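Okay, query.cif is below, mmCIF, C-alpha atoms and all ligand atoms:
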data_target
#
loop_
_atom_site.label_atom_id
_atom_site.label_comp_id
_atom_site.auth_asym_id
_atom_site.auth_seq_id
_atom_site.Cartn_x
_atom_site.Cartn_y
_atom_site.Cartn_z
CA MET A 1 -44.60 -24.47 14.55
CA LYS A 2 -42.67 -25.95 17.46
CA LYS A 3 -39.39 -24.53 18.60
CA ILE A 4 -36.78 -26.43 20.56
CA LYS A 5 -33.92 -24.55 22.08
CA VAL A 6 -30.61 -26.41 22.22
CA LYS A 7 -28.35 -25.08 24.92
CA ILE A 8 -24.67 -25.73 24.39
CA PRO A 9 -22.64 -25.43 27.57
CA ALA A 10 -19.53 -23.28 27.27
CA PHE A 11 -16.47 -25.15 26.09
CA PRO A 12 -14.51 -26.28 29.13
CA ALA A 13 -11.46 -24.15 29.76
CA SER A 14 -8.22 -25.89 28.98
CA ASP A 15 -4.55 -25.22 29.24
CA TYR A 16 -1.31 -26.52 27.81
CA THR A 17 2.34 -26.13 28.55
CA ILE A 18 5.00 -24.75 26.24
CA GLU A 19 8.45 -26.08 27.08
CA ILE A 20 11.41 -24.09 25.78
CA GLY A 21 15.05 -25.13 25.80
CA SER A 22 17.88 -26.45 23.71
CA ASP A 23 19.13 -29.95 22.93
CA PHE A 24 16.16 -31.83 24.36
CA LEU A 25 14.45 -33.06 21.16
CA HIS A 26 15.58 -36.64 21.90
CA THR A 27 13.73 -36.58 25.24
CA ILE A 28 10.36 -35.44 23.88
CA LEU A 29 8.89 -38.73 22.62
CA PRO A 30 9.24 -40.54 25.97
CA ARG A 31 7.71 -37.48 27.63
CA ILE A 32 4.75 -37.45 25.26
CA LYS A 33 4.20 -41.16 25.97
CA LYS A 34 4.26 -40.47 29.69
CA LEU A 35 1.96 -37.45 29.43
CA PHE A 36 -0.52 -39.23 27.13
CA PRO A 37 -0.11 -42.94 27.99
CA GLU A 38 -3.25 -44.24 26.29
CA LYS A 39 -2.64 -42.54 22.93
CA GLN A 40 -1.58 -43.89 19.56
CA ILE A 41 1.05 -41.64 18.02
CA PHE A 42 0.94 -40.48 14.39
CA ILE A 43 3.70 -38.15 13.18
CA ILE A 44 3.30 -35.50 10.52
CA THR A 45 6.44 -33.89 9.16
CA ASP A 46 7.79 -32.81 5.76
CA SER A 47 10.46 -33.78 3.27
CA ASN A 48 12.84 -31.02 4.49
CA ILE A 49 12.71 -32.17 8.09
CA ALA A 50 12.98 -35.81 7.06
CA LYS A 51 16.40 -34.96 5.58
CA THR A 52 17.68 -33.34 8.79
CA LYS A 53 18.76 -34.95 12.03
CA ASN A 54 15.63 -33.56 13.75
CA LEU A 55 13.35 -36.46 12.81
CA LYS A 56 15.99 -39.02 13.79
CA LEU A 57 16.57 -37.25 17.10
CA LEU A 58 12.85 -37.23 17.87
CA LEU A 59 12.32 -40.88 16.96
CA ASP A 60 15.57 -42.18 18.48
CA LYS A 61 15.37 -45.45 16.49
CA GLU A 62 11.66 -45.95 17.11
CA LYS A 63 9.53 -46.74 14.07
CA LEU A 64 6.27 -44.85 14.28
CA PRO A 65 3.58 -44.32 11.64
CA LYS A 66 4.10 -41.03 9.86
CA TYR A 67 3.18 -38.90 6.87
CA VAL A 68 5.96 -36.91 5.19
CA ILE A 69 4.50 -33.89 3.37
CA THR A 70 6.17 -33.65 -0.04
CA PRO A 71 7.13 -31.18 -1.35
CA ALA A 72 7.70 -29.22 1.83
CA GLY A 73 6.21 -25.73 1.92
CA GLU A 74 3.09 -23.73 1.21
CA LYS A 75 2.51 -25.44 -2.17
CA SER A 76 1.47 -28.61 -0.32
CA LYS A 77 -0.69 -26.78 2.20
CA ASN A 78 -4.00 -27.69 0.63
CA ILE A 79 -7.02 -29.89 1.16
CA ASN A 80 -5.66 -32.64 -1.14
CA THR A 81 -2.75 -33.23 1.24
CA VAL A 82 -5.16 -33.28 4.19
CA VAL A 83 -7.25 -35.95 2.43
CA LYS A 84 -4.15 -38.06 1.80
CA ILE A 85 -3.06 -37.82 5.45
CA ILE A 86 -6.51 -38.64 6.77
CA GLU A 87 -6.97 -41.61 4.46
CA LEU A 88 -3.57 -42.98 5.48
CA MET A 89 -4.54 -42.64 9.16
CA GLU A 90 -7.82 -44.42 8.46
CA LYS A 91 -6.10 -47.24 6.59
CA GLN A 92 -3.80 -47.67 9.58
CA ALA A 93 -6.87 -47.85 11.86
CA PHE A 94 -6.13 -44.80 13.96
CA GLY A 95 -9.07 -44.00 16.23
CA ARG A 96 -10.15 -41.18 18.53
CA ASP A 97 -7.33 -42.20 20.85
CA THR A 98 -4.79 -40.71 18.42
CA ILE A 99 -2.28 -38.04 19.22
CA VAL A 100 -0.80 -36.31 16.19
CA ILE A 101 2.73 -34.98 16.54
CA ALA A 102 3.57 -32.07 14.24
CA LEU A 103 7.31 -31.84 13.68
CA GLY A 104 8.18 -28.97 11.38
CA GLY A 105 7.48 -25.40 10.40
CA GLY A 106 4.29 -23.42 9.98
CA THR A 107 2.99 -25.47 7.07
CA VAL A 108 3.39 -28.76 8.93
CA GLY A 109 1.93 -27.35 12.15
CA ASP A 110 -1.07 -25.74 10.44
CA MET A 111 -1.83 -28.89 8.47
CA ALA A 112 -1.27 -31.34 11.32
CA GLY A 113 -3.40 -29.18 13.60
CA PHE A 114 -6.17 -29.10 11.00
CA VAL A 115 -5.98 -32.87 10.51
CA ALA A 116 -6.22 -33.29 14.30
CA ALA A 117 -9.19 -30.90 14.41
CA ILE A 118 -11.24 -32.84 11.86
CA TYR A 119 -10.02 -36.46 12.11
CA LYS A 120 -12.93 -38.46 13.56
CA ARG A 121 -14.28 -35.11 14.86
CA GLY A 122 -11.10 -34.29 16.69
CA VAL A 123 -8.00 -35.88 18.19
CA ASP A 124 -5.09 -34.41 20.17
CA VAL A 125 -2.09 -32.68 18.64
CA VAL A 126 1.35 -31.88 20.03
CA GLN A 127 3.33 -29.18 18.26
CA ILE A 128 7.12 -29.42 17.92
CA PRO A 129 7.97 -26.34 15.83
CA THR A 130 11.33 -26.31 14.07
CA THR A 131 11.34 -22.94 12.30
CA THR A 132 11.54 -19.35 13.50
CA VAL A 133 8.00 -18.65 12.21
CA ALA A 134 6.51 -21.67 13.93
CA GLN A 135 8.39 -21.23 17.21
CA ALA A 136 7.39 -17.56 17.40
CA ASP A 137 3.85 -17.80 16.18
CA SER A 138 2.05 -20.58 14.39
CA ALA A 139 2.61 -23.45 16.86
CA ILE A 140 0.90 -21.50 19.63
CA GLY A 141 -2.68 -20.32 19.79
CA GLY A 142 -4.52 -23.04 17.91
CA LYS A 143 -5.04 -21.53 14.46
CA THR A 144 -4.93 -24.36 11.96
CA GLY A 145 -5.88 -24.72 8.32
CA VAL A 146 -4.96 -25.06 4.69
CA ASP A 147 -5.11 -22.76 1.67
CA SER A 148 -7.62 -22.90 -1.18
CA LEU A 149 -6.71 -21.95 -4.72
CA VAL A 150 -8.20 -18.54 -3.95
CA SER A 151 -6.87 -17.61 -0.52
CA LYS A 152 -4.67 -18.50 2.43
CA ASN A 153 -6.12 -20.63 5.24
CA ALA A 154 -9.54 -20.71 3.57
CA PHE A 155 -10.23 -24.09 5.21
CA GLY A 156 -9.52 -23.89 8.90
CA SER A 157 -10.38 -24.47 12.48
CA PHE A 158 -9.24 -23.53 15.96
CA LYS A 159 -7.45 -26.49 17.50
CA ASN A 160 -5.30 -25.86 20.52
CA PRO A 161 -2.35 -28.18 20.99
CA SER A 162 -2.15 -30.44 24.03
CA ALA A 163 1.51 -29.49 24.48
CA VAL A 164 4.22 -27.52 22.66
CA PHE A 165 7.94 -28.31 22.78
CA ILE A 166 10.37 -25.70 21.48
CA ASP A 167 13.95 -26.91 21.08
CA VAL A 168 15.87 -23.98 19.61
CA ASN A 169 18.55 -26.36 18.48
CA THR A 170 16.19 -27.51 15.70
CA LEU A 171 16.71 -24.06 14.13
CA LYS A 172 20.36 -24.83 13.41
CA THR A 173 19.50 -26.78 10.25
CA LEU A 174 17.25 -24.05 8.82
CA ASP A 175 18.50 -22.21 5.74
CA GLU A 176 19.40 -18.55 6.22
CA LYS A 177 16.50 -17.18 4.18
CA GLN A 178 13.88 -19.06 6.19
CA PHE A 179 15.59 -18.43 9.52
CA ASN A 180 15.80 -14.68 8.91
CA ALA A 181 12.32 -14.27 7.45
CA GLY A 182 10.81 -16.06 10.45
CA LEU A 183 12.33 -13.49 12.78
CA VAL A 184 9.84 -10.97 11.38
CA GLU A 185 7.17 -12.56 13.61
CA SER A 186 9.36 -11.78 16.64
CA ILE A 187 9.69 -8.19 15.43
CA LYS A 188 5.90 -8.08 15.04
CA HIS A 189 5.40 -9.26 18.64
CA ALA A 190 7.77 -6.60 19.92
CA LEU A 191 6.08 -3.88 17.84
CA ILE A 192 2.59 -4.68 19.09
CA ALA A 193 3.36 -5.39 22.71
CA ASP A 194 6.77 -4.58 24.12
CA GLU A 195 9.09 -1.68 23.29
CA LYS A 196 11.88 -3.10 25.50
CA TYR A 197 11.74 -6.36 23.56
CA PHE A 198 11.99 -4.33 20.33
CA ASP A 199 15.16 -2.70 21.69
CA TYR A 200 16.50 -6.12 22.69
CA LEU A 201 15.95 -7.43 19.15
CA LYS A 202 17.69 -4.40 17.63
CA LYS A 203 20.69 -4.72 19.96
CA ASN A 204 21.05 -8.49 19.83
CA LEU A 205 20.37 -9.15 16.17
CA GLU A 206 23.92 -10.33 15.54
CA ALA A 207 23.83 -12.96 18.31
CA ILE A 208 20.39 -14.07 17.15
CA LEU A 209 21.61 -14.39 13.56
CA ALA A 210 24.62 -16.35 14.84
CA ARG A 211 21.98 -18.75 16.29
CA LYS A 212 23.35 -18.69 19.80
CA ASN A 213 21.16 -20.77 22.12
CA LYS A 214 20.63 -18.21 24.88
CA PRO A 215 19.21 -15.38 22.72
CA LEU A 216 17.16 -17.92 20.74
CA GLU A 217 15.68 -19.28 23.96
CA TYR A 218 15.04 -15.76 25.20
CA ILE A 219 13.17 -14.68 22.07
CA ALA A 220 11.17 -17.94 22.04
CA GLN A 221 10.15 -17.22 25.61
CA LYS A 222 9.22 -13.58 24.89
CA ASN A 223 7.25 -14.55 21.76
CA CYS A 224 5.31 -17.24 23.61
CA GLN A 225 4.58 -14.97 26.56
CA ILE A 226 3.27 -12.19 24.32
CA LYS A 227 1.24 -14.51 22.11
CA ALA A 228 -0.16 -16.54 25.02
CA SER A 229 -1.28 -13.45 26.86
CA VAL A 230 -3.21 -12.21 23.79
CA VAL A 231 -4.70 -15.63 22.97
CA GLU A 232 -5.81 -16.15 26.58
CA GLN A 233 -7.81 -12.92 26.38
CA ASP A 234 -9.37 -13.60 22.97
CA PRO A 235 -8.90 -17.18 21.75
CA PHE A 236 -11.34 -16.93 18.84
CA GLU A 237 -10.16 -13.58 17.48
CA LYS A 238 -13.24 -11.52 18.24
CA ASN A 239 -11.16 -8.40 18.76
CA LYS A 240 -7.87 -8.25 20.69
CA ARG A 241 -6.28 -11.27 18.98
CA ARG A 242 -6.38 -9.27 15.77
CA ILE A 243 -3.30 -7.39 16.98
CA LEU A 244 -1.34 -10.54 16.12
CA ASN A 245 -2.20 -9.82 12.50
CA TYR A 246 -0.14 -6.64 12.45
CA GLY A 247 1.35 -6.42 8.95
CA HIS A 248 -0.54 -9.53 7.86
CA THR A 249 -3.41 -8.04 5.81
CA ILE A 250 -1.22 -6.70 3.03
CA GLY A 251 1.45 -9.30 3.91
CA HIS A 252 -0.89 -12.22 3.17
CA ALA A 253 -1.94 -10.53 -0.08
CA VAL A 254 1.69 -10.21 -1.20
CA GLU A 255 2.37 -13.82 -0.21
CA SER A 256 -0.64 -15.06 -2.20
CA ALA A 257 0.04 -12.79 -5.19
CA SER A 258 3.65 -13.97 -5.35
CA ASN A 259 2.22 -17.47 -5.67
CA TYR A 260 3.99 -18.33 -2.40
CA LYS A 261 7.40 -17.59 -3.89
CA PHE A 262 7.68 -15.02 -1.12
CA LEU A 263 8.11 -16.52 2.33
CA HIS A 264 5.52 -15.70 4.99
CA GLY A 265 7.90 -13.62 7.10
CA GLN A 266 9.22 -11.80 4.05
CA SER A 267 5.64 -10.91 3.04
CA VAL A 268 4.79 -9.82 6.58
CA ALA A 269 7.85 -7.53 6.54
CA ILE A 270 6.33 -5.81 3.48
CA GLY A 271 2.97 -5.74 5.27
CA ILE A 272 4.58 -4.10 8.30
CA LEU A 273 6.07 -1.41 6.05
CA ALA A 274 2.60 -0.92 4.49
CA ALA A 275 1.06 -0.55 7.96
CA ASN A 276 3.76 1.98 8.81
CA LEU A 277 2.97 4.04 5.68
CA ILE A 278 -0.71 4.02 6.66
CA GLU A 279 0.22 5.06 10.20
CA GLN A 280 2.20 7.98 8.79
CA LYS A 281 -0.74 9.07 6.61
CA LEU A 282 -2.99 9.00 9.67
CA GLY A 283 -0.56 11.23 11.55
CA LEU A 284 0.52 8.54 13.97
CA GLY A 285 4.16 9.66 13.81
CA ALA A 286 5.73 6.46 12.55
CA ARG A 287 8.38 7.91 10.21
CA GLU A 288 11.33 7.35 12.52
CA ARG A 289 10.27 3.73 13.05
CA LEU A 290 10.17 3.18 9.28
CA GLU A 291 13.91 3.82 9.03
CA ILE A 292 14.61 1.52 11.99
CA LEU A 293 12.48 -1.23 10.45
CA LYS A 294 14.15 -0.88 7.06
CA ASP A 295 17.52 -1.15 8.76
CA ILE A 296 16.49 -4.33 10.63
CA PHE A 297 15.01 -5.91 7.48
CA SER A 298 18.17 -5.07 5.56
CA LYS A 299 20.29 -6.75 8.26
CA LEU A 300 17.99 -9.75 7.87
CA LYS A 301 18.69 -9.57 4.10
CA ILE A 302 14.99 -9.64 3.36
CA ASN A 303 14.05 -8.85 -0.22
CA LEU A 304 11.26 -6.28 0.07
CA LYS A 305 10.77 -5.77 -3.65
CA ILE A 306 7.35 -7.02 -4.72
CA PRO A 307 7.60 -8.99 -8.01
CA LYS A 308 6.84 -6.91 -11.14
CA SER A 309 4.03 -9.28 -12.08
CA VAL A 310 2.02 -8.28 -8.98
CA THR A 311 -0.42 -5.40 -9.53
CA LYS A 312 -2.19 -2.99 -7.21
CA LYS A 313 -5.55 -4.31 -8.42
CA GLN A 314 -4.54 -7.86 -7.58
CA LEU A 315 -3.49 -6.92 -4.04
CA LEU A 316 -6.68 -4.89 -3.49
CA ASP A 317 -8.74 -7.78 -4.77
CA ILE A 318 -7.08 -10.20 -2.34
CA ILE A 319 -7.39 -7.92 0.69
CA SER A 320 -11.08 -7.37 -0.04
CA ARG A 321 -11.51 -11.11 0.58
CA ASP A 322 -9.65 -10.99 3.91
CA LYS A 323 -11.35 -13.25 6.48
CA LYS A 324 -11.90 -10.34 8.81
CA ALA A 325 -13.16 -7.92 6.13
CA VAL A 326 -16.35 -5.99 6.80
CA LYS A 327 -18.34 -5.22 3.62
CA LYS A 328 -15.39 -6.48 1.58
CA TRP A 329 -12.90 -4.07 3.11
CA PRO A 330 -10.41 -5.16 5.75
CA ARG A 331 -9.64 -3.45 9.04
CA PHE A 332 -6.03 -2.63 9.78
CA VAL A 333 -4.08 -3.12 12.97
CA LEU A 334 -1.99 0.01 13.47
CA LEU A 335 0.52 1.17 16.03
CA GLU A 336 0.02 4.16 18.27
CA LYS A 337 3.70 3.83 19.15
CA THR A 338 6.30 1.07 19.30
CA GLY A 339 4.95 -1.57 21.68
CA LYS A 340 1.36 -0.27 21.63
CA VAL A 341 -1.45 -0.98 19.20
CA LEU A 342 -3.92 1.80 18.41
CA TYR A 343 -7.20 1.08 20.23
CA ARG A 344 -10.09 3.18 19.00
CA ASP A 345 -13.88 2.94 19.39
CA GLY A 346 -13.48 -0.36 21.24
CA GLN A 347 -11.57 -1.90 18.31
CA TYR A 348 -8.01 -3.11 17.85
CA ALA A 349 -8.34 -3.10 14.04
CA GLN A 350 -9.29 0.16 12.37
CA LYS A 351 -11.26 1.29 9.36
CA VAL A 352 -8.89 2.97 6.91
CA GLU A 353 -9.98 4.87 3.79
CA ARG A 354 -9.36 3.01 0.57
CA LYS A 355 -7.30 5.87 -0.90
CA ILE A 356 -4.80 5.72 1.99
CA VAL A 357 -4.32 1.98 1.53
CA GLU A 358 -4.00 2.36 -2.25
CA ASP A 359 -1.32 5.06 -1.78
CA ALA A 360 0.64 2.80 0.59
CA ILE A 361 0.46 -0.10 -1.87
CA GLU A 362 1.59 2.17 -4.72
CA ILE A 363 4.67 3.24 -2.75
CA LEU A 364 5.55 -0.39 -2.06
CA LEU A 365 5.09 -1.38 -5.70
CA LYS A 366 7.51 1.31 -6.92
N1 LIG B 401 -0.84 -15.61 13.69
C1 LIG B 401 -1.87 -14.84 14.25
C2 LIG B 401 -2.67 -15.53 15.28
O1 LIG B 401 -2.33 -16.62 15.69
O2 LIG B 401 -3.69 -15.02 15.68
#
Output the structure of this file as structure tokens.
Ligand code: GLY
Amino acid sequence: MKKIKVKIPAFPASDYTIEIGSDFLHTILPRIKKLFPEKQIFIITDSNIAKTKNLKLLLDKEKLPKYVITPAGEKSKNINTVVKIIELMEKQAFGRDTIVIALGGGTVGDMAGFVAAIYKRGVDVVQIPTTTVAQADSAIGGKTGVDSLVSKNAFGSFKNPSAVFIDVNTLKTLDEKQFNAGLVESIKHALIADEKYFDYLKKNLEAILARKNKPLEYIAQKNCQIKASVVEQDPFEKNKRRILNYGHTIGHAVESASNYKFLHGQSVAIGILAANLIEQKLGLGARERLEILKDIFSKLKINLKIPKSVTKKQLLDIISRDKKAVKKWPRFVLLEKTGKVLYRDGQYAQKVERKIVEDAIEILLK
């Protein structure tokens, strides 16, 4: 037998810039054209955004090829939509010189990023997030993908954007439920990385909820700094990046089990409470934080009641299929204290006995 070794050189390092501000959406398209002069632009957005002034502001009377995801939301985040987008791009003769612009929330960004990752083996993508979830989290860091009928983001790829533009003014058209639920990702960032930021969020919640530009720009900046610093250390989620999944293991399960009736941020809020209950069981002294979190979530008017149709068995079944599960049991990111993730035995995500997780789920289902 002959053996041939194929040596793959390391992927070249790359970087991208995140620009944060307000009222500059109308300037982005000319800037993209200047930054990427040889590229053909294809826009991916959704039916919600198409109804707002955001798409008009971005295009500024230009007619560019686009795909409008309909209906907007997680229900469309599947491989069938990806096929439709890709076939439309093919019919319109887009080549490797394409740059995809994702204008929208997490669903649009995840799908557009995934399309860019696989179209003709990869084209560029620029993210222009327009929701609190996307501006805080999903537009940065390169996780892209779509759901299968069985689980969230089952098809996926890492695809870093070539640039990100965050105009907090785009949040003004977001409905209250989505706006508030998306703030849970900001709370998550503060919990895992920065106690002072957590205090800022507590103290300035009213101004944030009033959608004042300055606090919105500040939280966008803090979120991006925290996320970027984690992603730079562990882009492919071998270990440290897992801290960004705080509250997401049980959160994703609730989101899936609710058949996506629960918003992502709303589900993560429940997941954060579950993590807190586990922390308490493990003697990590999280009781006081539980009350603070409940108070914040109540100010955000987040419904934390899991639908009656969802069972413990169903949630356990979903978490056993978590992407990061080891022997069909997930690891949990837990807090040592506010602003600091528990790091034990070289790991940022911990083994937790099944009974402890079951008890936490039971409390949440009550
Ligand atoms: N949303 C978690 C991550 O980007 O890793």
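With only C-alpha atoms taken into account, the protein and nucleic acid residues at most 9 Å from Val352 of chain A (excluding it and anything under 5 positions from it in its own chain) are A:Ile278, A:Leu282, A:Trp329, A:Pro330, A:Arg331, A:Phe332, A:Val357.
One finds atom CA of Gly265 of chain A at 13.3 Å from atom CA of Gly73 of chain A.
Take the candidates A:Val133, A:Ile43, A:Ala72, A:Ile356 and check each one against ligand LIG 401 (chain B) using only C-alpha atoms and all ligand atoms; the shortest distance goes to A:Val133.
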Just how far from atom CA of Ile296 of chain A is atom CA of Leu201 of chain A, in Å to one decimal?
9.1 Å
Within 6 Å of ligand LIG 401 (chain B) (counting all atoms listed in the file), which residues show up? I'd like them as an NGL selection string.
:A and (137-138 or 141 or 143 or 241 or 244-245)
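For the pair atom CA of Asp295 of chain A and atom CA of Leu316 of chain A, the separation is 27.4 Å.
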Mind checking which residues fall within 12 Å of Pro30 of chain A, counting only C-alpha atoms, ignoring those fewer than 2 positions away in the same chain, and posting them as a ChimeraX atom specification?
/A:24-28,32-37,41,57-60,62
Would you save the residues from that selection as an mmCIF file, in the frame of the given file, using C-alpha atoms?
data_model
loop_
_atom_site.group_PDB
_atom_site.id
_atom_site.type_symbol
_atom_site.label_atom_id
_atom_site.label_comp_id
_atom_site.auth_asym_id
_atom_site.auth_seq_id
_atom_site.Cartn_x
_atom_site.Cartn_y
_atom_site.Cartn_z
ATOM 1 C CA PHE A 24 16.160 -31.830 24.360
ATOM 2 C CA LEU A 25 14.450 -33.060 21.160
ATOM 3 C CA HIS A 26 15.580 -36.640 21.900
ATOM 4 C CA THR A 27 13.730 -36.580 25.240
ATOM 5 C CA ILE A 28 10.360 -35.440 23.880
ATOM 6 C CA ILE A 32 4.750 -37.450 25.260
ATOM 7 C CA LYS A 33 4.200 -41.160 25.970
ATOM 8 C CA LYS A 34 4.260 -40.470 29.690
ATOM 9 C CA LEU A 35 1.960 -37.450 29.430
ATOM 10 C CA PHE A 36 -0.520 -39.230 27.130
ATOM 11 C CA PRO A 37 -0.110 -42.940 27.990
ATOM 12 C CA ILE A 41 1.050 -41.640 18.020
ATOM 13 C CA LEU A 57 16.570 -37.250 17.100
ATOM 14 C CA LEU A 58 12.850 -37.230 17.870
ATOM 15 C CA LEU A 59 12.320 -40.880 16.960
ATOM 16 C CA ASP A 60 15.570 -42.180 18.480
ATOM 17 C CA GLU A 62 11.660 -45.950 17.110
#
Using only C-alpha atoms, can you tell me which of A:Asp345, A:Thr98, A:Pro71, A:Ile49 comes closest to Lys172 of chain A?
A:Ile49
Polymer residues at most 7 Å from Val310 of chain A, only C-alpha atoms, same-chain spacing of 4 or more positions, as a ChimeraX atom specification
/A:257-258,306,314
Rank A:Leu290, A:Leu103, A:Leu191, A:Ile318 by their smallest atom-to-atom distance to Lys53 of chain A, using only C-alpha atoms, and report the top residue only.
A:Leu103
Lys51 of chain A: which residues within 12 Å, counting only C-alpha atoms, same-chain residues fewer than 6 positions away excluded, as a VMD selection string?
chain A and resid 45 57 68 70 72 104 173 to 174
Looking at A:Leu364, A:Leu273, A:Ile226, A:Leu55, which one is nearest to Pro129 of chain A, with distances taken over all atoms listed in the file?
A:Leu55
Build an axis-aligned box that encloses every atom of segment 256-261 of chain A listed in the file, pad it by 5 Å on each side, and report its centre and edge lengths in Å to one decimal, as AutoDock Vina command-line options.
--center_x 3.4 --center_y -15.6 --center_z -3.9 --size_x 18.0 --size_y 15.5 --size_z 13.5
Tell me, as a ChimeraX atom specification, which residues lie within 8 Å of Gly339 of chain A, counting only C-alpha atoms; anything in the same chain fewer than 4 positions away does not count.
/A:190-195,198,335
Do you have, as CSV, the list of residues of segment 200-249 of chain A lying at most 10 Å from segment 181-184 of chain A, each with its nearest atom pair and that distance in Å to one decimal, counting all atoms listed in the file and ordered by chain then number?
residue,atom,partner,partner_atom,distance
A:Leu201,CA,A:Leu183,CA,9.5
A:Leu205,CA,A:Leu183,CA,9.7
A:Ile208,CA,A:Leu183,CA,9.2
A:Leu209,CA,A:Leu183,CA,9.4
A:Ile219,CA,A:Leu183,CA,9.4
A:Gly247,CA,A:Val184,CA,9.9
